[in-house]
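Here is the structure we will look at.
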Amino acid sequence: MDRNKAKDMQHRKEHLGMNTPLIVPRQDWEAARQQLLVKEKSLTRARDALAAERRRMPWMAVEKKYKFDGPKGKVSLLDLFEGRRQLIIYRAFFEPGVYGWPEHACRGCSFGADQVAHLAHLNARNTTLAYASRAPQKDIERLKARMGWTMPWYTITDSFDSDFGVDEWHGHNAFIRDGDKVFRTYFINSRGDEAMGSTWSYLDMTALGRQEEWEDSPEGYPRTPPYKWWNWHDAYGDAPSFQWGSVVDRSLDLQRQK
């Protein structure tokens with residue numbers, strides 16, 4: 001073994017307390033990164049292809065009239081859409097018998113709730129995110145205030161959780177509506193929930209996706225130019241910005257040249 005390499009390995013073991021990777025100069029580090037980048041891009045393309053398959057999943061009609069308790073009283077599943085086209089419901093465990101009750105919800109569900117992106121961006125794509133538990137509303141409101149959470153959070157009052165596979169374990173159910181008709185479009189649970197929290201991960205699980213022109217979606221699905229719909233979370237009601245559109249166009253031109 002090269003003397004310098006052996007010396008470097010001994011240094012790492014003595015000073016870092018673990019068998020770390022090699023320490024290399026900038027050129028070697030960049031070469032290693034470029035090699036791994038090929039796999040990362042492949043993973044991104046595979047993730048896009050999977051989302052495209054979700055958009056072609058069959059829909060399941062929701063015939064039962066589910067009822068929830070909300071901050072203003074009884075509401076239906078349709079009400080949870082808040083007038084938008086799509087709805088994602090995360091079943092969070094906060095109720096008697098769950099570790100942490102009554103001060104806290106499940107640690108895992110709370111971990112996820114802390115990572116939920118600002119909902120204005122999701123709402124801008126005609127999609128609502130809501131949480132649902134079996135705890136009474138007074139406890140939910142107290143928990144939200146303590147933890148600084150702002151997502152809509154409802155109380156399950158019937159068989160919604162058992163009917164949609166979240167009576168014993170957490171999960172995200174995606175729905176779409178056509179007028180007053182509601183359909184279940186997808187379901188993510190277990191380790192799939194680890195990726196949830198960003199606006200992108202929520203949109204990628206929905207029937208309509210990110211609704212951008214580059215996506216592989218069925219004919220007739222809503223599509224807008226990528227990035228141009230982005231806005232500050234307190235400015236989505238403003239008129240489209242010509243200046244931001246110019247910034248996006250320049251950025252896309254630079255990407256095509258690479």
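Chain labels run A, B, ... following the order of the structure tokens; each chain numbers its residues from 1, and ligands are numbered from 1 in the order shown.
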
Show me, as CSV, the residues of region 42-148 of chain A having an atom within 7 Å of region 195-219 of chain A, each with the closest atom pair and its distance in Å, using only C-alpha atoms.
residue,atom,partner,partner_atom,distance
A:Ala51,CA,A:Asp204,CA,5.5
A:Ala52,CA,A:Asp216,CA,5.7
A:Arg54,CA,A:Ala207,CA,6.6
A:Arg55,CA,A:Ala207,CA,4.6
A:Gly112,CA,A:Gly197,CA,6.8
A:Gln115,CA,A:Gly197,CA,5.3
A:Val116,CA,A:Gly197,CA,4.3
A:Ala117,CA,A:Ser198,CA,5.3
A:His121,CA,A:Thr199,CA,6.7
A:Leu122,CA,A:Thr199,CA,5.8

Next item on the list: Identify all residues of region 12-233 of chain A in helix (DSSP H, G or I) (DSSP on the backbone) and supply them as a PyMOL selection string.
Entry: chain A and resi 12-16+26-54+79-81+107-113+119-123+137-147+160-163+190-195+199-204

Margin query: Env of region 98-110 of chain A: 12 Å cut, atoms = only C-alpha atoms, seq-sep filter 2 positions within chain, self excluded. Answer as a VMD selection string.
Written below: chain A and resid 90 to 96 112 to 116 131 to 136 138 to 149 168 to 172 189 to 191 193 to 194 196 to 197

Checklist line | Test item: residues at most 10 Å from region 242-256 of chain A, only C-alpha atoms, excluding those fewer than 5 positions along its chain, as number ranges by chain | finding: A: 225-231

Item checked: Sel. of strand (DSSP E) residues, region 121-185 of chain A, as a PyMOL selection string -> chain A and resi 127-133+153-156+171-178+181-185

Any chance you can output those residues with N, CA, C and O atoms as a short mmCIF file (atom, residue, chain, number, x, y, z; two decimals), in the first residue's frame?
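Below you can see part29.cif, which holds the result:
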data_model
loop_
_atom_site.label_atom_id
_atom_site.label_comp_id
_atom_site.auth_asym_id
_atom_site.auth_seq_id
_atom_site.Cartn_x
_atom_site.Cartn_y
_atom_site.Cartn_z
N THR A 127 -54.98 21.98 -4.90
CA THR A 127 -54.88 20.79 -4.05
C THR A 127 -54.88 21.20 -2.58
O THR A 127 -54.18 22.14 -2.20
N THR A 128 -55.62 20.46 -1.77
CA THR A 128 -55.72 20.71 -0.34
C THR A 128 -55.07 19.56 0.43
O THR A 128 -55.25 18.39 0.07
N LEU A 129 -54.32 19.89 1.46
CA LEU A 129 -53.78 18.89 2.39
C LEU A 129 -54.50 19.03 3.71
O LEU A 129 -54.67 20.14 4.22
N ALA A 130 -54.95 17.90 4.27
CA ALA A 130 -55.59 17.91 5.58
C ALA A 130 -55.07 16.75 6.40
O ALA A 130 -54.69 15.71 5.87
N TYR A 131 -55.05 16.93 7.71
CA TYR A 131 -54.72 15.87 8.65
C TYR A 131 -56.02 15.40 9.31
O TYR A 131 -56.98 16.16 9.43
N ALA A 132 -56.03 14.13 9.75
CA ALA A 132 -57.21 13.58 10.42
C ALA A 132 -56.77 12.63 11.52
O ALA A 132 -55.85 11.83 11.34
N SER A 133 -57.41 12.75 12.66
CA SER A 133 -57.14 11.89 13.82
C SER A 133 -58.46 11.59 14.51
O SER A 133 -59.50 12.12 14.14
N TRP A 153 -57.05 20.19 10.30
CA TRP A 153 -56.92 18.93 11.03
C TRP A 153 -58.29 18.56 11.57
O TRP A 153 -58.88 19.30 12.36
N TYR A 154 -58.81 17.42 11.13
CA TYR A 154 -60.17 17.02 11.45
C TYR A 154 -60.22 15.78 12.34
O TYR A 154 -59.24 15.04 12.46
N THR A 155 -61.37 15.58 12.94
CA THR A 155 -61.60 14.43 13.80
C THR A 155 -62.39 13.37 13.04
O THR A 155 -63.47 13.65 12.50
N ILE A 156 -61.86 12.16 12.98
CA ILE A 156 -62.55 11.03 12.35
C ILE A 156 -63.67 10.56 13.27
O ILE A 156 -63.44 10.34 14.47
N GLY A 171 -50.73 6.99 7.00
CA GLY A 171 -50.73 6.93 5.55
C GLY A 171 -51.37 8.16 4.94
O GLY A 171 -52.13 8.88 5.59
N HIS A 172 -51.05 8.41 3.66
CA HIS A 172 -51.62 9.51 2.89
C HIS A 172 -52.58 8.93 1.84
O HIS A 172 -52.17 8.10 1.02
N ASN A 173 -53.81 9.38 1.85
CA ASN A 173 -54.79 9.03 0.81
C ASN A 173 -55.02 10.24 -0.07
O ASN A 173 -55.22 11.36 0.43
N ALA A 174 -55.00 10.03 -1.39
CA ALA A 174 -55.25 11.11 -2.35
C ALA A 174 -56.61 10.92 -2.98
O ALA A 174 -57.01 9.81 -3.34
N PHE A 175 -57.33 12.04 -3.13
CA PHE A 175 -58.67 12.04 -3.71
C PHE A 175 -58.77 13.14 -4.77
O PHE A 175 -58.01 14.11 -4.76
N ILE A 176 -59.72 12.95 -5.66
CA ILE A 176 -60.06 13.98 -6.65
C ILE A 176 -61.57 14.06 -6.72
O ILE A 176 -62.26 13.07 -6.42
N ARG A 177 -62.09 15.20 -7.08
CA ARG A 177 -63.54 15.32 -7.18
C ARG A 177 -63.94 15.81 -8.57
O ARG A 177 -63.20 16.56 -9.22
N ASP A 178 -65.09 15.36 -8.99
CA ASP A 178 -65.71 15.82 -10.23
C ASP A 178 -67.08 16.35 -9.80
O ASP A 178 -68.02 15.58 -9.65
N LYS A 181 -68.91 14.42 -6.91
CA LYS A 181 -68.45 13.03 -6.89
C LYS A 181 -66.98 12.97 -6.47
O LYS A 181 -66.14 13.71 -7.01
N VAL A 182 -66.67 12.09 -5.52
CA VAL A 182 -65.32 11.97 -4.99
C VAL A 182 -64.73 10.62 -5.36
O VAL A 182 -65.40 9.59 -5.29
N PHE A 183 -63.44 10.61 -5.74
CA PHE A 183 -62.75 9.39 -6.12
C PHE A 183 -61.42 9.30 -5.38
O PHE A 183 -60.71 10.29 -5.22
N ARG A 184 -61.09 8.09 -4.96
CA ARG A 184 -59.77 7.83 -4.39
C ARG A 184 -58.82 7.53 -5.54
O ARG A 184 -59.12 6.69 -6.40
N THR A 185 -57.65 8.18 -5.54
CA THR A 185 -56.74 8.02 -6.67
C THR A 185 -55.43 7.33 -6.31
O THR A 185 -54.82 6.68 -7.15
#
